[in-house]
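Structure record follows, encoded as C-alpha cells.
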Protein chains: 2
Amino acid sequence: MAVNLKTPNPADLLPVPGVRLGVAQAGIRKANHYDLTVIELSPGSRVAGVFTRNRFCAAPVTVCRKHLQNGNIRALVINTGNANAGTGEQGLSDTRATCKALAGILGIDADQVLPFSTGVILEPLPMERLLAGLPHAVADLRTDSWFDAAHAIMTTDTLAKAVSEQIALGGKTITITGMSKGAGMIRPNMATMLGFIACDAAISQSLLEAITLEATDASFNSITVDGDTSTNDSFIVIATGQAGNAEIIDAASDEARALAHAITSAAIRLAQSIVRDGEGATKFMSVAVEGGTTREECRLVAYAIAHSPLVKTAFFASDPNLGRILAAIGYAGIDDLDVERLRVWLGNPEEETLVAEHGGRAAGFIEETGARIMKHAELTVRVDLARGQAKATVWTCDLSYDYVKINADYRS
Amino acid sequence: MAVNLKTPNPADLLPVPGVRLGVAQAGIRKANHYDLTVIELSPGSRVAGVFTRNRFCAAPVTVCRKHLQNGNIRALVINTGNANAGTGEQGLSDTRATCKALAGILGIDADQVLPFSTGVILEPLPMERLLAGLPHAVADLRTDSWFDAAHAIMTTDTLAKAVSEQIALGGKTITITGMSKGAGMIRPNMATMLGFIACDAAISQSLLEAITLEATDASFNSITVDGDTSTNDSFIVIATGQAGNAEIIDAASDEARALAHAITSAAIRLAQSIVRDGEGATKFMSVAVEGGTTREECRLVAYAIAHSPLVKTAFFASDPNLGRILAAIGYAGIDDLDVERLRVWLGNPEEETLVAEHGGRAAGFIEETGARIMKHAELTVRVDLARGQAKATVWTCDLSYDYVKINADYRS
C-alpha cells in the first residue's frame with residue numbers, strides 16, 4: 001500500500017542541456033531488469049552532494065565524498081540490486097574498479113566518476129556482470145532518458161519518482177529535472193534513499209553547495225518513515241552551466257534565491273514521494289511545528305510526533321488520538337516548554353480543527369469533526385509552541401500491519 | 001502475547017515492617033474491579049521518587065514532586081482507570097482533594113500523601129466514586145497485602161509484577177519488597193509505568209535519594225518498548241527504618257552498597273517485567289553495549305538498536321538481520337566511531353555467536369547458527385565498541401503484528 005502521487009509522464013520530464021542518461025540490464029541481482037544507470041555530464045558541470053551520516057557508510061559513499069573534493073565530475077554510475085555496504089576493503093576496491101571502467105569507456109579519469117549502489121547489503125558486488133553492463137548503459141546515453149533512469153534506479157519502490165520544471169532567470173530559461181528512489185529507507189535492509197537533481201544554470205561551486213545543503217535540510221532531511229538511516233543515502237545536485245545565464249555567484253541575489261527555491265521545491269516533491277511510497281503507508285502525514293525559538297527545537301517536536309509508533313498507529317486507525325500527540329510533544333526534549341500555552345490542530349486538505357490548548361483537549365473540539373478529518377489519506381498535525389518565530393515541517397507516514405509484515409517477512 | 005515470567009506467589013511477597021497496604025473497588029472506570037490502593041507508612045519513613053521527564057506531566061506527578069520536597073511522607077494513594085493527565089487546573093484540584101480526603105481519614109496532613117493515577121487521559125477524575133472508595137481501602141490496610149496491591153495497580157498488564165527479598169545488613173535482616181505496573185508505557189494512551197519498592201532499612205534521606213537515582217538509571221531508565229514516554233511515570237523507594245540497623249549515612253560503606261545492590265536488583269526485575277509484558281511482545285531482548293568511552297555513548301548505541309523498528313521486526317521474524325543492527329549502531333550518534341573495530345554477537349541463554357567484525361559479517365558466522373539462536377524467546381545483542389571501558393544494557397521487546405493491532409484498535 002502507498003499514498004503515491006501519479007507516475008510521472010515521460011514527456012513532462014524535460015531534458016537538461018549537458019546531461020545524458022543511459023540504462024542497461026546488467027543482471028546484478030535479477031535478469032531482465034534495468035539495474036544500471038550512467039549519467040554523463042558536459043565539461044564544466046558543477047556537482048554538490050550530501051550523504052548519509054551513518055558511520056556504517058557504504059563503499060560508494062566513501063568514494064563519492066573523495067571524488068567530490070577533487071571536483072570536475074563528469075559522470076555518475078548507479079547500480080541497484082546490491083548496496084556494496086558492509087563489504088570492507090573489497091567493497092572499496094570494487095567501487096574504484098567500477099569508476100575506472102566507466103572512465104575508460106568515456107575517456108575521462110576515474111576520480112571524475114561518482115558511484116552509487118543500492119540493494120542488498122553484506123554481499124560483494126557481482127563485478128563481472130556490472131562491468132559487462134557499463135558499455136550498454138553508455139551506448140544508451142540520451143538527453144531524454146530521465147523517465148527510463150527514474151525506473152532503473154528503483155528497488156522496492158512501487159512507483160518511479162521524478163519531477164521537472166522550468167524557471168526564467170536573467171532572461172534565460174533554466175530547466176530543473178530530478179529523480180529519487182527509496183520506499184522508506186527500509187525494505188531491503190535500510191533500502192537506500194537516492195536523489196539526483198540536475199539543472200543547466202551557471203552557478204559557482206560554493207553557492208551550489210550552499211543551495212544543496214539548504215534544499216536537503218528542507219526535503220530529504222525532513223522526512224522519516226521509521227527513524228532508520230540508511231548506509232547509502234545520497235543526494236546530488238548538478239548544474240551544467242549550459243543555459244547561457246551569467247554565472248550566479250551572489251547568494252543574496254534574486255537569481256540565487258529563485259534557483260534555490262526551484263531546487264528546494266523539486267527536492268521536497270522527490271522527498272515526499274519517498275514517504276508516500278513508504279512500506280505499508282496508508283496515510284501521508286505533514287507535521288508542521290511553528291512558534292519555536294529555533295528551527296532546531298521545532299524539528300525536535302516534529303520528529304518526536306513523526307517517530308512515535310503510538311501516533312503512527314493511531315493515524316493508521318484514523319483515530320484523532322490527542323493524548324499520544326501531546327505526550328510526544330512533552331517528551332521531545334524542550335525542557336522549559338510551557339504546555340499551557342501551546343496549541344495543536346489536526347487537519348486535511350479540506351479542513352482543520354483546534355484539538356488541544358491549555359494543556360488538554362480544546363473546549364471547542366468535537367470528536368465527530370476529528371474523526372471526519374482523520375478519514376482522509378493526507379493529514380496535517382500543526383503545533384504552535386507559542387514561544388518564538390521559528391518553524392519546521394516534517395513528513396512521514398503511518399504505521400500499519402503491512403509495515404510489520406513487509407519488514408518481518410523480508411529476509412536479509 | 002508476552003514473554004512473562006510467572007505470577008509471583010503471594011507467600012513470597014514478604015511484608016515490610018512499617019508498610020501497610022489496602023485495596024478497594026471504587027468503580028473508577030469499571031465495576032467489580034480493584035482500582036484503588038492505599039499504602040500507609042510508619043512515622044519516620046523516608047521516601048525518594050523519580051518521575052517522568054515528559055513536559056505534559058499529569059497532575060499527580062506535579063503534586064508528588066511538591067509533597068516530596070516537604071518530606072515526612074506517611075501515605076501513598078494509587079488509582080487506576082483514570083490518569084488525571086491533560087486535565088489542567090481541575091486535575092490539580094482533584095489530586096489535592098484526594099490527598100486531603102485520605103489525610104483526613106488517616107489523621108495526617110494532606111502534604112504527607114503522595115498521589116498516583118494511571119488509566120485513560122484527558123478525562124476528569126470521577127471524584128465522588130474515588131473519595132467514596134478511600135475509607136474501604138484504609139479499612140483493608142494490612143502488612144501482607146503486596147500481592148493484592150500488585151494486582152490492584154494493574155491496568156492493561158497481563159500479569160502482576162512484584163518481587164521480594166531479604167538481605168543481612170549490620171547484623172539485621174532487611175526486607176525489600178516491590179511492585180510495578182505497565183505494559184510498555186503504551187496501551188491506554190501511554191499507559192503509565194509505576195514502580196514502588198519498600199524496605200525497612202534505616203538510611204539517610206540523601207543516601208536514599210542517591211540510591212533511588214542509581215537504581216532508576218539501571219532499571220526503569222534502561223527499558224524501552226517503543227520509545228514513548230508516559231505523562232505519569234513514577235518510581236518510588238521507601239525506607240521505613242523499622243529494621244533496627246544503625247542508620248546508613250556513608251555512600252561508600254558496605255551497608256550502603258549492599259542495600260543499593262538489592263534495591264537495584266529488585267528495580268531491574270520489576271522493570272524487565274514491564275518489557276516482558278509489552279504489547280504484542282514475543283521476544284525479550286537484552287542489548288548490552290560494552291567498550292565505550294562513556295556509559296552515555298553505550299546507552300546511545302543500545303537505544304538506537306532497541307528503538308529501531310527494523311531491528312525489532314527482524315527479531316519478531318527470528319531473523320538474525322545483521323545489516324539492520326549494524327545500521328542502527330552506525331546512526332546512533334557517535335561521530336568518531338570506528339566501525340572496523342567493533343564486534344557484534346547474537347545470543348540466547350544457551351549460546352552466543354560472533355556475527356560482525358571488521359565492518360561487515362564475521363568470517364566465521366554461520367547462518368544456521370544465527371537462525372537457531374534467534375528461535376529462542378530470550379535474546380541478547382552484545383556490542384563491543386572497542387574504544388573504552390564503559391558499558392550499558394537496555395532491555396526491550398520485538399515489534400509484532402499485535403503491537404500494531406493493539407495500538408491501532410485502542411480508542412482514546
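All residue names refer to the C-alpha cells as shown: chains lettered A, B, ... in order, residues numbered from 1 in each chain, ligands numbered from 1 in order.
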
>> Can you tell me which residues surround Ala266 (chain A) at a distance of at most 12 Å, considering only C-alpha atoms, apart from same-chain residues fewer than 2 positions away, and format the answer as an MDAnalysis selection string?
In response: chainID A and resid 161:166 175:180 195:199 212 215:216 218:220 237 259:264 268:273

Fit chain A to chain B, all Cα atoms paired in order, least squares. Then write it as a short mmCIF file (atom, residue, chain, number, x, y, z; two decimals) with C-alpha atoms, in the first residue's frame.
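Output (superposed.cif):
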data_model
loop_
_atom_site.label_atom_id
_atom_site.label_comp_id
_atom_site.auth_asym_id
_atom_site.auth_seq_id
_atom_site.Cartn_x
_atom_site.Cartn_y
_atom_site.Cartn_z
CA MET A 1 1.18 -12.14 23.80
CA ALA A 2 4.01 -11.54 26.23
CA VAL A 3 7.28 -13.07 27.40
CA ASN A 4 6.25 -13.02 31.03
CA LEU A 5 7.85 -14.67 33.97
CA LYS A 6 5.47 -16.43 36.35
CA THR A 7 2.92 -14.67 38.54
CA PRO A 8 4.55 -14.04 41.91
CA ASN A 9 3.54 -16.35 44.73
CA PRO A 10 1.64 -14.42 47.45
CA ALA A 11 3.67 -16.09 50.17
CA ASP A 12 6.92 -14.96 48.53
CA LEU A 13 6.02 -11.28 48.87
CA LEU A 14 7.32 -10.53 52.33
CA PRO A 15 5.73 -7.84 54.48
CA VAL A 16 7.98 -4.83 55.08
CA PRO A 17 7.74 -3.67 58.71
CA GLY A 18 6.28 -0.18 58.71
CA VAL A 19 4.30 -0.64 55.51
CA ARG A 20 0.59 -1.51 55.29
CA LEU A 21 -1.39 -1.79 52.09
CA GLY A 22 -5.12 -1.76 51.41
CA VAL A 23 -7.18 -2.05 48.25
CA ALA A 24 -10.75 -1.23 47.28
CA GLN A 25 -13.20 -1.39 44.39
CA ALA A 26 -14.05 2.25 43.78
CA GLY A 27 -15.64 1.74 40.35
CA ILE A 28 -13.50 4.49 38.85
CA ARG A 29 -13.84 3.11 35.33
CA LYS A 30 -15.18 -0.42 35.74
CA ALA A 31 -17.32 -2.02 38.41
CA ASN A 32 -16.22 -5.06 40.44
CA HIS A 33 -12.59 -4.28 39.88
CA TYR A 34 -9.89 -3.37 42.41
CA ASP A 35 -8.78 0.06 41.28
CA LEU A 36 -7.78 1.92 44.44
CA THR A 37 -4.74 1.24 46.61
CA VAL A 38 -3.59 2.97 49.78
CA ILE A 39 -0.14 2.44 51.23
CA GLU A 40 0.43 3.64 54.78
CA LEU A 41 3.96 4.24 56.07
CA SER A 42 5.05 4.31 59.72
CA PRO A 43 6.25 7.66 61.14
CA GLY A 44 9.86 8.43 60.30
CA SER A 45 9.77 6.60 56.95
CA ARG A 46 11.93 8.12 54.26
CA VAL A 47 10.75 8.31 50.67
CA ALA A 48 12.52 9.15 47.41
CA GLY A 49 10.98 9.41 43.94
CA VAL A 50 11.84 9.75 40.27
CA PHE A 51 9.23 10.98 37.81
CA THR A 52 8.58 11.30 34.09
CA ARG A 53 10.51 14.00 32.27
CA ASN A 54 7.55 14.49 29.94
CA ARG A 55 6.60 18.16 29.91
CA PHE A 56 2.96 17.05 29.79
CA CYS A 57 3.20 15.54 33.24
CA ALA A 58 0.00 14.53 34.95
CA ALA A 59 -1.47 16.40 37.91
CA PRO A 60 -0.48 13.73 40.49
CA VAL A 61 3.15 13.92 39.31
CA THR A 62 3.17 17.67 39.94
CA VAL A 63 1.72 17.16 43.41
CA CYS A 64 4.07 14.25 44.21
CA ARG A 65 7.10 16.37 43.39
CA LYS A 66 5.88 19.14 45.68
CA HIS A 67 4.97 16.87 48.61
CA LEU A 68 8.27 15.01 48.38
CA GLN A 69 10.12 18.30 48.86
CA ASN A 70 8.41 18.70 52.22
CA GLY A 71 9.39 15.19 53.29
CA ASN A 72 7.70 13.30 56.14
CA ILE A 73 5.52 11.27 53.75
CA ARG A 74 3.04 8.97 55.53
CA ALA A 75 0.81 7.58 52.78
CA LEU A 76 0.48 6.85 49.08
CA VAL A 77 -2.75 6.60 47.12
CA ILE A 78 -2.91 4.98 43.69
CA ASN A 79 -5.93 4.82 41.41
CA THR A 80 -6.25 3.03 38.10
CA GLY A 81 -8.85 3.69 35.41
CA ASN A 82 -8.01 7.37 35.04
CA ALA A 83 -4.60 9.03 34.66
CA ASN A 84 -5.71 12.54 35.63
CA ALA A 85 -3.46 13.78 32.82
CA GLY A 86 -4.20 16.61 30.41
CA THR A 87 -6.81 17.79 32.91
CA GLY A 88 -5.44 21.27 33.70
CA GLU A 89 -6.37 23.12 36.89
CA GLN A 90 -9.27 20.78 37.63
CA GLY A 91 -6.86 17.86 37.65
CA LEU A 92 -4.59 19.52 40.20
CA SER A 93 -7.55 20.42 42.35
CA ASP A 94 -8.87 16.84 42.19
CA THR A 95 -5.47 15.42 43.14
CA ARG A 96 -5.17 17.77 46.09
CA ALA A 97 -8.70 16.87 47.21
CA THR A 98 -7.76 13.18 47.08
CA CYS A 99 -4.71 13.77 49.27
CA LYS A 100 -6.76 15.83 51.71
CA ALA A 101 -9.49 13.20 51.98
CA LEU A 102 -7.02 10.40 52.66
CA ALA A 103 -5.12 12.58 55.13
CA GLY A 104 -8.38 13.23 56.98
CA ILE A 105 -9.08 9.53 57.36
CA LEU A 106 -5.52 8.72 58.48
CA GLY A 107 -5.14 11.77 60.74
CA ILE A 108 -2.17 13.21 58.88
CA ASP A 109 -1.62 16.31 56.71
CA ALA A 110 -2.53 16.41 53.02
CA ASP A 111 1.06 17.15 52.03
CA GLN A 112 2.13 13.89 53.68
CA VAL A 113 0.30 11.96 50.93
CA LEU A 114 1.76 11.05 47.52
CA PRO A 115 -0.90 10.57 44.81
CA PHE A 116 -0.59 8.36 41.68
CA SER A 117 -3.05 7.86 38.84
CA THR A 118 -2.99 5.64 35.76
CA GLY A 119 -5.54 4.95 33.06
CA VAL A 120 -7.30 7.01 30.41
CA ILE A 121 -6.16 10.58 29.93
CA LEU A 122 -7.99 13.80 29.12
CA GLU A 123 -10.93 12.80 31.31
CA PRO A 124 -11.70 14.25 34.74
CA LEU A 125 -11.21 12.02 37.77
CA PRO A 126 -14.58 10.67 38.98
CA MET A 127 -14.02 12.21 42.39
CA GLU A 128 -17.20 11.08 44.06
CA ARG A 129 -16.48 7.40 43.47
CA LEU A 130 -12.78 7.80 44.23
CA LEU A 131 -13.40 9.55 47.56
CA ALA A 132 -16.09 7.04 48.48
CA GLY A 133 -13.59 4.23 47.95
CA LEU A 134 -10.88 5.63 50.22
CA PRO A 135 -12.38 4.49 53.58
CA HIS A 136 -12.69 0.96 52.20
CA ALA A 137 -9.05 0.89 51.13
CA VAL A 138 -7.98 2.23 54.53
CA ALA A 139 -10.13 -0.35 56.32
CA ASP A 140 -8.32 -3.02 54.30
CA LEU A 141 -4.79 -1.94 55.39
CA ARG A 142 -2.61 -4.96 56.19
CA THR A 143 1.12 -5.69 56.06
CA ASP A 144 0.68 -8.81 53.94
CA SER A 145 -1.24 -7.23 51.03
CA TRP A 146 1.55 -6.75 48.48
CA PHE A 147 0.04 -9.45 46.26
CA ASP A 148 -3.38 -7.76 46.30
CA ALA A 149 -1.87 -4.32 45.75
CA ALA A 150 0.26 -5.53 42.84
CA HIS A 151 -2.99 -6.66 41.21
CA ALA A 152 -4.94 -3.51 42.12
CA ILE A 153 -2.45 -1.22 40.37
CA MET A 154 -2.62 -3.17 37.07
CA THR A 155 -4.25 -1.62 34.02
CA THR A 156 -3.59 -3.48 30.76
CA ASP A 157 -0.89 -5.63 32.36
CA THR A 158 -1.48 -9.31 31.72
CA LEU A 159 0.39 -10.27 34.90
CA ALA A 160 1.01 -8.75 38.33
CA LYS A 161 4.63 -7.68 38.81
CA ALA A 162 6.22 -7.97 42.25
CA VAL A 163 9.49 -9.05 43.84
CA SER A 164 10.73 -9.61 47.37
CA GLU A 165 14.00 -10.48 49.02
CA GLN A 166 15.89 -10.22 52.27
CA ILE A 167 19.49 -9.29 52.91
CA ALA A 168 21.58 -9.22 56.07
CA LEU A 169 22.90 -5.79 56.96
CA GLY A 170 24.88 -4.92 60.08
CA GLY A 171 23.54 -7.96 61.91
CA LYS A 172 19.92 -7.17 60.99
CA THR A 173 17.65 -8.66 58.34
CA ILE A 174 16.41 -6.11 55.82
CA THR A 175 13.29 -6.91 53.81
CA ILE A 176 12.87 -5.39 50.34
CA THR A 177 9.55 -5.80 48.55
CA GLY A 178 8.38 -4.01 45.44
CA MET A 179 5.74 -3.94 42.75
CA SER A 180 5.31 -2.30 39.38
CA LYS A 181 2.74 -1.90 36.64
CA GLY A 182 2.92 -1.08 32.95
CA ALA A 183 2.80 -2.97 29.71
CA GLY A 184 5.11 -0.96 27.58
CA MET A 185 4.10 2.59 28.55
CA ILE A 186 1.60 2.28 25.82
CA ARG A 187 -1.71 0.72 25.65
CA PRO A 188 -4.32 3.01 27.17
CA ASN A 189 -2.66 6.13 25.81
CA MET A 190 0.91 5.87 27.01
CA ALA A 191 -0.18 3.63 29.89
CA THR A 192 1.83 4.65 32.86
CA MET A 193 4.78 2.86 34.34
CA LEU A 194 4.57 2.86 38.14
CA GLY A 195 7.14 1.26 40.44
CA PHE A 196 7.17 1.05 44.24
CA ILE A 197 9.89 -0.54 46.35
CA ALA A 198 9.81 -0.53 50.12
CA CYS A 199 12.42 -1.70 52.62
CA ASP A 200 12.71 -1.43 56.39
CA ALA A 201 16.32 -0.23 56.46
CA ALA A 202 17.29 2.91 58.37
CA ILE A 203 19.07 5.16 55.88
CA SER A 204 19.61 8.89 55.48
CA GLN A 205 17.33 10.80 53.14
CA SER A 206 20.14 11.97 50.88
CA LEU A 207 21.59 8.49 50.52
CA LEU A 208 18.16 7.01 49.81
CA GLU A 209 17.70 9.59 47.06
CA ALA A 210 21.10 8.76 45.58
CA ILE A 211 20.34 5.04 45.61
CA THR A 212 16.95 5.69 44.02
CA LEU A 213 18.58 7.57 41.13
CA GLU A 214 21.19 4.83 40.72
CA ALA A 215 18.53 2.11 40.70
CA THR A 216 16.33 4.07 38.25
CA ASP A 217 19.22 4.54 35.83
CA ALA A 218 19.92 0.81 35.77
CA SER A 219 16.30 -0.29 35.60
CA PHE A 220 13.30 1.82 34.59
CA ASN A 221 15.51 4.20 32.62
CA SER A 222 17.04 1.25 30.75
CA ILE A 223 13.88 -0.22 29.26
CA THR A 224 12.00 0.69 26.13
CA VAL A 225 9.12 -0.78 24.26
CA ASP A 226 8.51 1.90 21.68
CA GLY A 227 10.38 4.98 22.82
CA ASP A 228 7.23 6.69 24.04
CA THR A 229 7.41 8.26 27.49
CA SER A 230 4.31 8.44 29.62
CA THR A 231 2.92 11.52 31.32
CA ASN A 232 2.60 9.68 34.64
CA ASP A 233 5.72 7.52 35.04
CA SER A 234 6.79 7.36 38.67
CA PHE A 235 9.20 5.26 40.71
CA ILE A 236 9.16 5.48 44.50
CA VAL A 237 11.56 3.97 47.03
CA ILE A 238 10.54 3.80 50.68
CA ALA A 239 12.73 3.06 53.71
CA THR A 240 10.73 2.71 56.92
CA GLY A 241 13.72 2.41 59.26
CA GLN A 242 12.01 -0.36 61.26
CA ALA A 243 14.73 -3.01 60.83
CA GLY A 244 16.78 -1.78 63.77
CA ASN A 245 20.03 -1.31 61.83
CA ALA A 246 22.25 1.69 62.52
CA GLU A 247 21.26 4.42 60.10
CA ILE A 248 23.25 4.12 56.89
CA ILE A 249 24.79 7.48 56.05
CA ASP A 250 28.04 6.72 54.22
CA ALA A 251 27.55 6.09 50.50
CA ALA A 252 30.84 4.20 50.33
CA SER A 253 30.04 1.82 53.21
CA ASP A 254 29.47 -1.89 52.67
CA GLU A 255 25.96 -1.48 54.03
CA ALA A 256 25.11 1.26 51.54
CA ARG A 257 26.50 -0.75 48.62
CA ALA A 258 24.64 -3.90 49.70
CA LEU A 259 21.35 -2.04 50.06
CA ALA A 260 21.87 -0.21 46.74
CA HIS A 261 22.58 -3.52 45.05
CA ALA A 262 19.46 -5.16 46.47
CA ILE A 263 17.19 -2.22 45.58
CA THR A 264 18.70 -2.00 42.09
CA SER A 265 18.24 -5.75 41.55
CA ALA A 266 14.62 -5.50 42.58
CA ALA A 267 14.11 -2.47 40.31
CA ILE A 268 15.69 -4.27 37.35
CA ARG A 269 13.40 -7.28 37.81
CA LEU A 270 10.36 -5.00 38.06
CA ALA A 271 11.45 -3.00 35.01
CA GLN A 272 12.14 -6.11 32.95
CA SER A 273 8.70 -7.42 33.88
CA ILE A 274 7.20 -4.40 32.15
CA VAL A 275 9.09 -5.08 28.92
CA ARG A 276 8.22 -8.78 29.09
CA ASP A 277 4.58 -7.75 29.31
CA GLY A 278 4.97 -5.31 26.38
CA GLU A 279 2.10 -5.19 23.91
CA GLY A 280 2.47 -7.90 21.34
CA ALA A 281 5.88 -8.93 22.66
CA THR A 282 7.09 -12.36 21.53
CA LYS A 283 10.79 -11.82 22.31
CA PHE A 284 12.60 -10.33 25.30
CA MET A 285 15.74 -8.58 24.05
CA SER A 286 18.77 -7.53 26.11
CA VAL A 287 21.01 -5.08 24.28
CA ALA A 288 24.37 -4.96 26.04
CA VAL A 289 26.95 -2.46 24.81
CA GLU A 290 30.48 -2.53 26.22
CA GLY A 291 33.84 -0.97 25.38
CA GLY A 292 32.50 2.59 25.18
CA THR A 293 34.33 5.69 26.36
CA THR A 294 31.31 6.69 28.46
CA ARG A 295 28.19 5.01 29.76
CA GLU A 296 26.19 7.63 27.87
CA GLU A 297 27.56 6.62 24.47
CA CYS A 298 26.93 2.95 25.27
CA ARG A 299 23.32 3.88 26.02
CA LEU A 300 23.07 5.81 22.74
CA VAL A 301 24.06 2.70 20.80
CA ALA A 302 21.91 0.37 22.89
CA TYR A 303 18.84 2.59 22.46
CA ALA A 304 19.45 3.02 18.72
CA ILE A 305 19.29 -0.77 18.38
CA ALA A 306 16.41 -1.16 20.84
CA HIS A 307 14.30 1.56 19.20
CA SER A 308 14.89 0.55 15.58
CA PRO A 309 11.60 -0.74 14.14
CA LEU A 310 13.68 -2.63 11.57
CA VAL A 311 15.65 -4.48 14.23
CA LYS A 312 12.49 -5.14 16.25
CA THR A 313 10.54 -6.55 13.30
CA ALA A 314 13.54 -8.71 12.34
CA PHE A 315 13.61 -10.15 15.86
CA PHE A 316 9.87 -10.78 15.67
CA ALA A 317 10.62 -12.77 12.49
CA SER A 318 13.51 -14.62 14.25
CA ASP A 319 15.75 -13.17 11.54
CA PRO A 320 19.40 -12.57 12.57
CA ASN A 321 19.37 -9.45 10.40
CA LEU A 322 22.88 -8.20 10.82
CA GLY A 323 22.59 -5.25 8.44
CA ARG A 324 19.83 -3.65 10.46
CA ILE A 325 21.81 -3.93 13.70
CA LEU A 326 24.96 -2.51 12.09
CA ALA A 327 22.99 0.35 10.55
CA ALA A 328 21.45 1.22 13.93
CA ILE A 329 24.90 1.28 15.54
CA GLY A 330 26.09 3.47 12.68
CA TYR A 331 23.43 6.14 13.15
CA ALA A 332 23.42 6.09 16.95
CA GLY A 333 25.28 9.37 17.05
CA ILE A 334 28.93 8.55 17.85
CA ASP A 335 30.65 10.72 15.27
CA ASP A 336 34.11 9.21 15.56
CA LEU A 337 33.02 5.57 15.81
CA ASP A 338 35.46 3.22 14.09
CA VAL A 339 33.20 0.60 12.55
CA GLU A 340 36.19 -1.52 11.58
CA ARG A 341 36.97 -2.24 15.23
CA LEU A 342 33.60 -3.01 16.74
CA ARG A 343 32.19 -6.50 17.15
CA VAL A 344 28.63 -7.76 17.52
CA TRP A 345 27.35 -11.01 18.99
CA LEU A 346 23.87 -12.53 18.95
CA GLY A 347 22.94 -14.88 21.76
CA ASN A 348 20.33 -16.54 23.88
CA PRO A 349 20.67 -18.08 27.36
CA GLU A 350 22.24 -21.19 25.80
CA GLU A 351 24.72 -19.91 23.23
CA GLU A 352 26.26 -16.83 21.65
CA THR A 353 27.92 -16.28 18.29
CA LEU A 354 30.07 -13.51 16.80
CA VAL A 355 28.13 -12.09 13.85
CA ALA A 356 30.02 -8.94 12.84
CA GLU A 357 33.59 -7.66 12.85
CA HIS A 358 35.83 -5.58 10.56
CA GLY A 359 32.86 -3.55 9.34
CA GLY A 360 30.88 -6.48 8.01
CA ARG A 361 29.76 -10.06 8.54
CA ALA A 362 32.11 -12.11 10.74
CA ALA A 363 34.05 -14.64 8.67
CA GLY A 364 33.14 -17.47 11.03
CA PHE A 365 29.42 -16.65 11.25
CA ILE A 366 27.18 -19.51 10.17
CA GLU A 367 23.62 -18.58 9.13
CA GLU A 368 22.20 -21.77 10.65
CA THR A 369 23.70 -20.90 14.04
CA GLY A 370 22.15 -17.44 13.85
CA ALA A 371 18.78 -18.85 12.91
CA ARG A 372 18.93 -21.40 15.75
CA ILE A 373 19.82 -18.74 18.32
CA MET A 374 17.03 -16.45 17.15
CA LYS A 375 14.30 -19.05 17.74
CA HIS A 376 14.65 -18.54 21.49
CA ALA A 377 12.26 -16.09 23.20
CA GLU A 378 15.10 -14.49 25.22
CA LEU A 379 17.73 -12.88 23.02
CA THR A 380 20.87 -10.86 23.53
CA VAL A 381 22.58 -8.40 21.22
CA ARG A 382 26.06 -7.72 22.57
CA VAL A 383 28.21 -4.98 21.07
CA ASP A 384 31.86 -4.25 21.86
CA LEU A 385 32.70 -0.73 20.70
CA ALA A 386 36.41 -1.37 21.44
CA ARG A 387 37.15 2.21 22.47
CA GLY A 388 36.91 2.28 26.26
CA GLN A 389 35.78 0.60 29.46
CA ALA A 390 32.21 1.85 29.89
CA LYS A 391 29.13 -0.29 29.38
CA ALA A 392 25.33 -0.16 29.50
CA THR A 393 22.44 -2.55 29.00
CA VAL A 394 18.97 -1.78 27.72
CA TRP A 395 16.00 -4.16 27.63
CA THR A 396 13.26 -4.17 25.06
CA CYS A 397 10.90 -6.43 23.15
CA ASP A 398 10.21 -7.11 19.49
CA LEU A 399 7.68 -5.36 17.23
CA SER A 400 4.89 -7.66 16.13
CA TYR A 401 1.60 -7.52 14.26
CA ASP A 402 -0.06 -7.50 17.65
CA TYR A 403 1.66 -4.27 18.63
CA VAL A 404 0.04 -2.51 15.69
CA LYS A 405 -3.24 -4.27 16.28
CA ILE A 406 -3.39 -3.37 19.97
CA ASN A 407 -2.41 0.25 19.41
CA ALA A 408 -4.50 0.79 16.31
CA ASP A 409 -7.60 -0.77 17.85
CA TYR A 410 -7.33 1.05 21.13
CA ARG A 411 -9.65 4.03 21.09
CA SER A 412 -8.77 7.07 23.21
#

> What are the DSSP strand (DSSP E or B) residues of region 44-231 of chain A, as a ChimeraX atom specification?
Replying inline: /A:46-51,75-82,113-120,142,161-169,172-181,194-199,203,223

>> Residues of region 72-128 of chain B classed as alpha helix (DSSP H) by DSSP on the backbone are to be reported as JSON, numbers by chain.
In response: {"B": [88, 89, 90, 91, 92, 93, 94, 95, 96, 97, 98, 99, 100, 101, 102, 103, 104, 105, 106, 127, 128]}
